[in-house]
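This is query-v2.cif (mmCIF, C-alpha atoms).
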```cif
data_target
#
loop_
_atom_site.label_atom_id
_atom_site.label_comp_id
_atom_site.auth_asym_id
_atom_site.auth_seq_id
_atom_site.Cartn_x
_atom_site.Cartn_y
_atom_site.Cartn_z
CA MET U 265 27.85 20.61 36.96
CA ARG U 266 24.52 22.02 35.91
CA MET U 267 21.82 21.48 38.47
CA GLU U 268 19.19 20.94 35.82
CA THR U 269 17.01 17.98 34.87
CA PRO U 270 17.10 16.74 31.25
CA LEU U 271 13.52 17.96 30.88
CA GLY U 272 14.46 21.41 32.18
CA ARG U 273 17.24 21.64 29.63
CA VAL U 274 14.99 21.05 26.61
CA ARG U 275 11.79 22.71 27.83
CA GLY U 276 10.83 25.68 25.66
CA LEU U 277 13.07 24.67 22.76
CA GLY U 278 10.17 23.20 20.78
CA SER U 279 10.05 19.80 19.14
CA ALA U 280 13.06 18.38 17.31
CA ARG U 281 10.72 17.60 14.40
CA SER U 282 12.04 14.07 14.19
CA GLY U 283 10.13 12.33 16.99
CA ALA U 284 7.57 10.70 14.71
CA HIS U 285 10.03 9.84 11.94
CA HIS U 286 10.68 6.25 13.06
CA TRP U 287 6.96 5.66 13.63
CA TRP U 288 6.06 7.07 10.21
CA LEU U 289 8.69 5.03 8.34
CA GLU U 290 7.50 1.87 10.10
CA ARG U 291 3.96 2.54 8.75
CA LEU U 292 5.16 3.54 5.30
CA THR U 293 7.33 0.44 4.88
CA SER U 294 4.55 -1.78 6.26
CA VAL U 295 2.24 -0.69 3.43
CA SER U 296 4.89 -1.17 0.72
CA THR U 297 5.96 -4.54 2.20
CA LEU U 298 2.34 -5.70 2.30
CA VAL U 299 1.67 -4.81 -1.35
CA LEU U 300 4.95 -6.30 -2.59
CA PHE U 301 4.55 -9.52 -0.58
CA VAL U 302 1.04 -10.11 -1.92
CA TRP U 303 2.52 -9.78 -5.43
CA PHE U 304 5.45 -12.06 -4.49
CA ILE U 305 3.35 -14.86 -2.99
CA VAL U 306 0.73 -14.80 -5.77
CA SER U 307 3.56 -14.92 -8.36
CA LEU U 308 5.33 -17.82 -6.63
CA VAL U 309 2.16 -19.88 -6.30
CA ARG U 310 1.33 -19.25 -9.97
CA LEU U 311 4.75 -20.40 -11.24
CA PRO U 312 4.68 -23.89 -12.78
CA GLY U 313 7.34 -24.99 -10.26
CA LEU U 314 10.24 -23.70 -8.20
CA SER U 315 13.07 -25.44 -10.08
CA TYR U 316 16.34 -23.61 -10.74
CA GLY U 317 15.51 -22.90 -14.38
CA THR U 318 11.98 -21.64 -13.69
CA VAL U 319 13.01 -19.43 -10.79
CA THR U 320 16.05 -17.82 -12.46
CA GLU U 321 14.12 -17.22 -15.68
CA TRP U 322 11.34 -15.58 -13.65
CA LEU U 323 13.80 -13.47 -11.59
CA ALA U 324 15.63 -12.31 -14.73
CA ALA U 325 12.55 -10.56 -16.15
CA PRO U 326 12.54 -6.77 -15.58
CA LEU U 327 9.00 -6.85 -14.19
CA THR U 328 10.17 -9.38 -11.60
CA ALA U 329 13.65 -8.07 -10.77
CA VAL U 330 12.50 -4.51 -10.02
CA PRO U 331 9.59 -5.39 -7.68
CA MET U 332 11.83 -8.02 -6.03
CA ALA U 333 14.53 -5.39 -5.39
CA LEU U 334 11.90 -3.02 -3.97
CA LEU U 335 10.54 -5.87 -1.83
CA VAL U 336 14.00 -6.48 -0.39
CA VAL U 337 14.58 -2.79 0.42
CA SER U 338 11.09 -2.37 1.91
CA THR U 339 11.22 -5.60 3.93
CA PHE U 340 14.70 -5.11 5.36
CA TRP U 341 14.00 -1.50 6.23
CA HIS U 342 10.77 -2.52 7.97
CA LEU U 343 12.34 -5.43 9.85
CA LYS U 344 15.26 -3.29 10.99
CA LEU U 345 12.88 -0.68 12.46
CA GLY U 346 10.70 -3.36 14.04
CA LEU U 347 13.56 -5.30 15.62
CA ILE U 348 14.96 -2.07 17.10
CA VAL U 349 11.55 -1.20 18.61
CA CYS U 350 11.41 -4.62 20.30
CA LEU U 351 15.02 -4.33 21.46
CA GLU U 352 14.50 -0.89 22.98
CA ASP U 353 11.53 -2.18 24.98
CA TYR U 354 13.37 -5.11 26.56
CA VAL U 355 17.05 -4.09 26.78
CA HIS U 356 17.50 -1.16 29.13
CA GLU U 357 21.23 -1.13 29.70
CA ASP U 358 22.81 1.55 27.47
CA GLY U 359 25.90 -0.43 26.42
CA ALA U 360 23.96 -3.57 25.51
CA LYS U 361 21.34 -1.51 23.67
CA LEU U 362 23.98 0.27 21.57
CA PHE U 363 25.65 -3.06 20.81
CA TRP U 364 22.44 -4.76 19.62
CA VAL U 365 21.22 -1.74 17.64
CA THR U 366 24.57 -1.86 15.82
CA VAL U 367 24.27 -5.62 15.21
CA ILE U 368 20.70 -5.29 13.87
CA ASN U 369 21.70 -2.44 11.54
CA PHE U 370 24.73 -4.32 10.20
CA LEU U 371 22.87 -7.62 9.70
CA ALA U 372 19.89 -5.92 8.03
CA ILE U 373 22.19 -4.11 5.59
CA LEU U 374 24.20 -7.29 4.96
CA GLY U 375 21.04 -9.31 4.24
CA ALA U 376 19.59 -6.64 1.96
CA ALA U 377 22.91 -6.26 0.09
CA LEU U 378 23.22 -10.04 -0.48
CA ALA U 379 19.63 -10.27 -1.70
CA LEU U 380 19.91 -7.23 -4.00
CA PHE U 381 23.21 -8.39 -5.49
CA SER U 382 21.70 -11.83 -6.15
CA ILE U 383 18.65 -10.38 -7.90
CA PHE U 384 20.75 -8.05 -10.07
CA LYS U 385 23.25 -10.79 -10.91
CA ILE U 386 20.45 -13.02 -12.18
CA ALA U 387 18.78 -10.13 -14.00
CA PHE U 388 21.97 -8.86 -15.69
CA THR U 389 23.66 -12.14 -16.54
CA GLY U 390 20.51 -13.92 -17.73
CA SER U 391 19.26 -17.27 -16.57
CA ALA U 392 21.77 -19.49 -18.41
CA ALA U 393 22.44 -22.46 -16.10
CA MET L 276 17.80 4.23 31.63
CA HIS L 277 18.48 3.53 35.27
CA ARG L 278 15.63 2.63 37.57
CA ASN L 279 15.90 3.26 41.27
CA PRO L 280 15.07 -0.20 42.72
CA SER L 281 13.79 1.28 45.98
CA ARG L 282 10.91 2.96 44.18
CA PRO L 283 7.80 0.99 43.21
CA MET L 284 7.19 -0.05 39.60
CA SER L 285 3.88 0.62 37.92
CA PRO L 286 1.63 -2.47 37.64
CA HIS L 287 2.95 -4.71 34.92
CA LEU L 288 1.86 -7.69 32.79
CA THR L 289 1.43 -10.17 35.65
CA ILE L 290 -1.42 -8.37 37.43
CA TRP L 291 -3.74 -7.91 34.44
CA LYS L 292 -6.39 -10.42 33.42
CA TRP L 293 -5.19 -11.95 30.16
CA GLY L 294 -7.26 -10.91 27.12
CA PRO L 295 -7.18 -11.30 23.32
CA HIS L 296 -5.82 -7.75 22.83
CA MET L 297 -2.77 -8.65 24.93
CA ALA L 298 -2.30 -11.93 23.07
CA VAL L 299 -2.46 -10.15 19.69
CA SER L 300 -0.03 -7.48 20.84
CA ILE L 301 2.60 -9.99 21.88
CA LEU L 302 1.86 -12.24 18.85
CA HIS L 303 2.51 -9.24 16.59
CA ARG L 304 5.97 -8.92 18.10
CA ILE L 305 6.78 -12.65 18.18
CA THR L 306 5.66 -13.19 14.56
CA GLY L 307 7.50 -10.01 13.51
CA VAL L 308 10.75 -11.18 15.08
CA GLY L 309 10.26 -14.66 13.59
CA LEU L 310 9.72 -13.28 10.08
CA ALA L 311 12.60 -10.81 10.48
CA THR L 312 15.05 -13.57 11.42
CA LEU L 313 14.01 -16.96 9.99
CA GLY L 314 11.92 -15.53 7.15
CA ALA L 315 14.54 -13.00 6.06
CA ALA L 316 17.32 -15.62 6.27
CA ALA L 317 15.30 -18.02 4.10
CA LEU L 318 14.60 -15.28 1.52
CA VAL L 319 18.28 -14.27 1.31
CA TRP L 320 19.43 -17.89 1.13
CA TRP L 321 16.95 -18.65 -1.67
CA LEU L 322 18.02 -15.60 -3.74
CA ALA L 323 21.77 -16.09 -3.12
CA ALA L 324 21.46 -19.79 -4.02
CA ALA L 325 19.61 -18.94 -7.25
CA ALA L 326 22.36 -16.43 -8.12
CA SER L 327 25.17 -18.87 -7.26
CA GLY L 328 24.19 -21.60 -9.72
CA SER L 329 22.23 -24.83 -9.98
CA ASP L 330 24.35 -26.76 -7.43
CA ALA L 331 23.82 -24.15 -4.72
CA TYR L 332 20.14 -23.99 -5.63
CA GLU L 333 19.79 -27.77 -5.33
CA THR L 334 21.39 -27.61 -1.86
CA PHE L 335 18.78 -25.02 -0.85
CA VAL L 336 15.94 -27.09 -2.32
CA GLY L 337 17.30 -30.15 -0.47
CA TRP L 338 16.97 -28.34 2.86
CA ALA L 339 13.71 -26.61 1.95
CA THR L 340 11.98 -29.86 0.96
CA TRP L 341 13.28 -31.84 3.97
CA GLU L 342 10.10 -33.08 5.69
CA TRP L 343 10.83 -31.36 9.03
CA SER L 344 11.34 -27.99 7.35
CA LEU L 345 7.63 -28.08 6.53
CA ILE L 346 7.16 -26.93 10.16
CA ILE L 347 9.18 -23.80 9.34
CA TRP L 348 7.25 -23.08 6.11
CA VAL L 349 3.85 -23.54 7.75
CA GLY L 350 5.07 -21.53 10.76
CA LEU L 351 6.30 -18.70 8.55
CA THR L 352 3.01 -18.72 6.60
CA TRP L 353 1.05 -18.40 9.84
CA ALA L 354 3.45 -15.73 11.17
CA PHE L 355 3.08 -13.80 7.90
CA PHE L 356 -0.74 -13.79 8.05
CA GLN L 357 -0.85 -13.06 11.80
CA HIS L 358 1.59 -10.15 11.45
CA LEU L 359 -0.30 -8.89 8.38
CA LEU L 360 -3.72 -8.97 10.08
CA SER L 361 -2.54 -7.56 13.42
CA GLY L 362 -0.62 -4.93 11.42
CA LEU L 363 -3.84 -3.95 9.64
CA ARG L 364 -5.48 -3.80 13.08
CA HIS L 365 -2.73 -1.38 14.14
CA PHE L 366 -3.67 0.92 11.24
CA VAL L 367 -7.25 1.04 12.49
CA LEU L 368 -6.04 1.75 16.05
CA ASP L 369 -3.68 4.44 14.67
CA LEU L 370 -6.76 6.21 13.31
CA GLY L 371 -8.15 6.28 16.84
CA ALA L 372 -10.88 3.75 16.07
CA GLY L 373 -11.67 0.33 17.51
CA TYR L 374 -10.90 1.01 21.16
CA GLU L 375 -14.39 0.24 22.49
CA LEU L 376 -14.04 -2.89 24.66
CA LYS L 377 -16.28 -5.21 22.62
CA THR L 378 -15.01 -3.98 19.24
CA ASN L 379 -11.41 -4.24 20.37
CA LYS L 380 -11.87 -7.76 21.71
CA PHE L 381 -13.75 -8.87 18.57
CA TRP L 382 -11.13 -7.69 16.07
CA ALA L 383 -8.24 -8.89 18.24
CA THR L 384 -9.82 -12.37 18.19
CA MET L 385 -10.55 -12.10 14.44
CA THR L 386 -6.87 -11.52 13.58
CA MET L 387 -6.03 -14.84 15.25
CA VAL L 388 -8.95 -16.72 13.66
CA GLY L 389 -8.13 -15.13 10.29
CA SER L 390 -4.45 -16.02 10.38
CA VAL L 391 -5.23 -19.70 11.08
CA LEU L 392 -7.88 -19.82 8.30
CA LEU L 393 -5.62 -18.10 5.75
CA THR L 394 -2.73 -20.42 6.63
CA ALA L 395 -4.98 -23.47 6.20
CA GLY L 396 -6.36 -22.05 2.94
CA THR L 397 -2.90 -21.33 1.51
CA TRP L 398 -1.60 -24.82 2.28
CA ALA L 399 -4.79 -26.44 1.03
CA TYR L 400 -4.26 -24.55 -2.24
CA ILE L 401 -0.61 -25.65 -2.44
CA VAL L 402 -1.32 -29.31 -1.61
CA PHE L 403 -4.52 -29.76 -3.68
CA GLY L 404 -3.18 -27.59 -6.50
CA ARG L 405 -0.20 -29.93 -6.75
CA MET L 406 -2.43 -33.01 -6.68
CA ALA L 407 -4.64 -31.59 -9.44
CA ALA L 408 -1.65 -30.75 -11.64
#
```
Is it possible to give me this structure as structure tokens?
Amino acid sequence: MRMETPLGRVRGLGSARSGAHHWWLERLTSVSTLVLFVWFIVSLVRLPGLSYGTVTEWLAAPLTAVPMALLVVSTFWHLKLGLIVCLEDYVHEDGAKLFWVTVINFLAILGAALALFSIFKIAFTGSAA
Amino acid sequence: MHRNPSRPMSPHLTIWKWGPHMAVSILHRITGVGLATLGAAALVWWLAAAASGSDAYETFVGWATWEWSLIIWVGLTWAFFQHLLSGLRHFVLDLGAGYELKTNKFWATMTMVGSVLLTAGTWAYIVFGRMAA
């Protein structure tokens, strides 16, 4: 058994160069999510209605489908990082933390995959009802 | 992390005088978690329903236009604007600005005032826009 504190073990090794990565991605995705959501909300409000035909026709257009796909990636990435920050502040037991980090990652990827598939299905198969 | 319960903890939430900066901090988290769960679920449901066909879409619209779900839509609108404005405030704080007591208190309060005004404005536009059409 090494009689050494965790700090003593890493002191002098320099930074791992990844400490700010999570923080930086949270900021980066917040900017992209903000821009894309302003576009999304303005577009929705400007649509003549939100009926099935109107919405699928709108989603099928390339200039809708691509920003929508980017919105989904940006939003789910951002929410995954944010939920994990909250979790890490309130759940201190290692096992529970690992469990919930896994759940958040899986659910975020599941949600993003469902949303992306739906957008691409509408875009590629047209809006025929 | 394992805390030794025999050692004292540093002063925590309960001993501080409550201020707008604390309210905004916790609101940023609450609205973020709300948007990340309810908001994300609604977005995925809407897209999946639109991709599944008109029957699935009508089921979604049925739930979305149920009168009590208006609480969720207005709540999500407010959460969106609150998280947006307190997020913008975080950018300013990240730059190292806005920490002077009066400035900090003013902008913390303004994110809350702004989110309520923007929510009211958005729904006024939706309601009166529909009436005008």
Skipping near chain neighbours, those fewer than 5 positions away, what residues fall within 12 Å of Lys380 of chain L using all atoms listed in the file, listed as a list in words?
Trp293, Gly294, Pro295, His296, Met297, Ala298, Val299, Ser300, Arg364, Gly373, Tyr374, Glu375, Met385, Thr386 and Met387 of chain L
Tell me which protein, DNA and RNA residues are within 12 Å of segment 343-349 of chain L, counting all atoms listed in the file, leaving out same-chain ones fewer than 3 positions away, and put them as a PyMOL selection string.
chain L and resi 309-310+312-314+316-318+335-340+352-356+390-391+393-399+401
Could you please take those selected residues and save C-alpha atoms as an mmCIF file, in the coordinates of the input?
```cif
data_model
loop_
_atom_site.group_PDB
_atom_site.id
_atom_site.type_symbol
_atom_site.label_atom_id
_atom_site.label_comp_id
_atom_site.auth_asym_id
_atom_site.auth_seq_id
_atom_site.Cartn_x
_atom_site.Cartn_y
_atom_site.Cartn_z
ATOM 1 C CA GLY L 309 10.260 -14.660 13.590
ATOM 2 C CA LEU L 310 9.720 -13.280 10.080
ATOM 3 C CA THR L 312 15.050 -13.570 11.420
ATOM 4 C CA LEU L 313 14.010 -16.960 9.990
ATOM 5 C CA GLY L 314 11.920 -15.530 7.150
ATOM 6 C CA ALA L 316 17.320 -15.620 6.270
ATOM 7 C CA ALA L 317 15.300 -18.020 4.100
ATOM 8 C CA LEU L 318 14.600 -15.280 1.520
ATOM 9 C CA PHE L 335 18.780 -25.020 -0.850
ATOM 10 C CA VAL L 336 15.940 -27.090 -2.320
ATOM 11 C CA GLY L 337 17.300 -30.150 -0.470
ATOM 12 C CA TRP L 338 16.970 -28.340 2.860
ATOM 13 C CA ALA L 339 13.710 -26.610 1.950
ATOM 14 C CA THR L 340 11.980 -29.860 0.960
ATOM 15 C CA THR L 352 3.010 -18.720 6.600
ATOM 16 C CA TRP L 353 1.050 -18.400 9.840
ATOM 17 C CA ALA L 354 3.450 -15.730 11.170
ATOM 18 C CA PHE L 355 3.080 -13.800 7.900
ATOM 19 C CA PHE L 356 -0.740 -13.790 8.050
ATOM 20 C CA SER L 390 -4.450 -16.020 10.380
ATOM 21 C CA VAL L 391 -5.230 -19.700 11.080
ATOM 22 C CA LEU L 393 -5.620 -18.100 5.750
ATOM 23 C CA THR L 394 -2.730 -20.420 6.630
ATOM 24 C CA ALA L 395 -4.980 -23.470 6.200
ATOM 25 C CA GLY L 396 -6.360 -22.050 2.940
ATOM 26 C CA THR L 397 -2.900 -21.330 1.510
ATOM 27 C CA TRP L 398 -1.600 -24.820 2.280
ATOM 28 C CA ALA L 399 -4.790 -26.440 1.030
ATOM 29 C CA ILE L 401 -0.610 -25.650 -2.440
#
```
Based on all atoms listed in the file, which of the residues in chain U come within 6 Å of chain L? I want them as a ChimeraX atom specification.
/U:343,356,379,382,386
Restricting it to C-alpha atoms, dump the selection as a short mmCIF file (atom, residue, chain, number, x, y, z; two decimals), in the coordinates of the input.
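out.cif, written as the output of this step:
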```
data_model
loop_
_atom_site.label_atom_id
_atom_site.label_comp_id
_atom_site.auth_asym_id
_atom_site.auth_seq_id
_atom_site.Cartn_x
_atom_site.Cartn_y
_atom_site.Cartn_z
CA LEU U 343 12.34 -5.43 9.85
CA HIS U 356 17.50 -1.16 29.13
CA ALA U 379 19.63 -10.27 -1.70
CA SER U 382 21.70 -11.83 -6.15
CA ILE U 386 20.45 -13.02 -12.18
#
```
Which residue gives the smallest distance to Glu290 of chain U among U:Val365, U:Val355, U:Ala376, U:Leu347, with all atoms listed in the file counted?
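With all atoms listed in the file as the atom set, the closest residue is U:Leu347.
Using all atoms listed in the file, the shortest contact distance between Thr306 of chain L and any of L:Lys377, L:His287, L:His358, L:Lys292 is found at L:His358.
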Cut-off 10 Å around (2.9, -8.3, 3.0) with all atoms listed in the file: residues as a list in words:
Thr293, Ser294, Val295, Ser296, Thr297, Leu298, Val299, Leu300, Phe301, Val302, Trp303, Phe304, Ile305, Leu335 and Thr339 of chain U; Phe355, Phe356, His358, Leu359, Leu360 and Gly362 of chain L
What separation in Å, quoted to one decimal, exists between atom CA of Ala372 of chain U and atom CA of Val309 of chain U?
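Calculated distance between atom CA of Ala372 of chain U and atom CA of Val309 of chain U is 26.7 Å.
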Take atom CA of Asn379 of chain L and atom CA of Gly346 of chain U and report the distance between them in Å, one decimal.
23.0 Å
How many Å lie between atom CA of Leu327 of chain U and atom CA of Leu351 of chain L, rounded to one decimal?
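It comes out at 25.8 Å.
Put simply, the PyMOL selection byres ((chain U and resi 330) around 12) on this file hits Leu300, Phe304, Trp322, Leu323, Ala324, Ala325, Pro326, Leu327, Thr328, Ala329, Pro331, Met332, Ala333, Leu334, Leu335, Val336, Val337, Leu380, Ile383, Phe384, Ile386, Ala387 and Phe388 of chain U.
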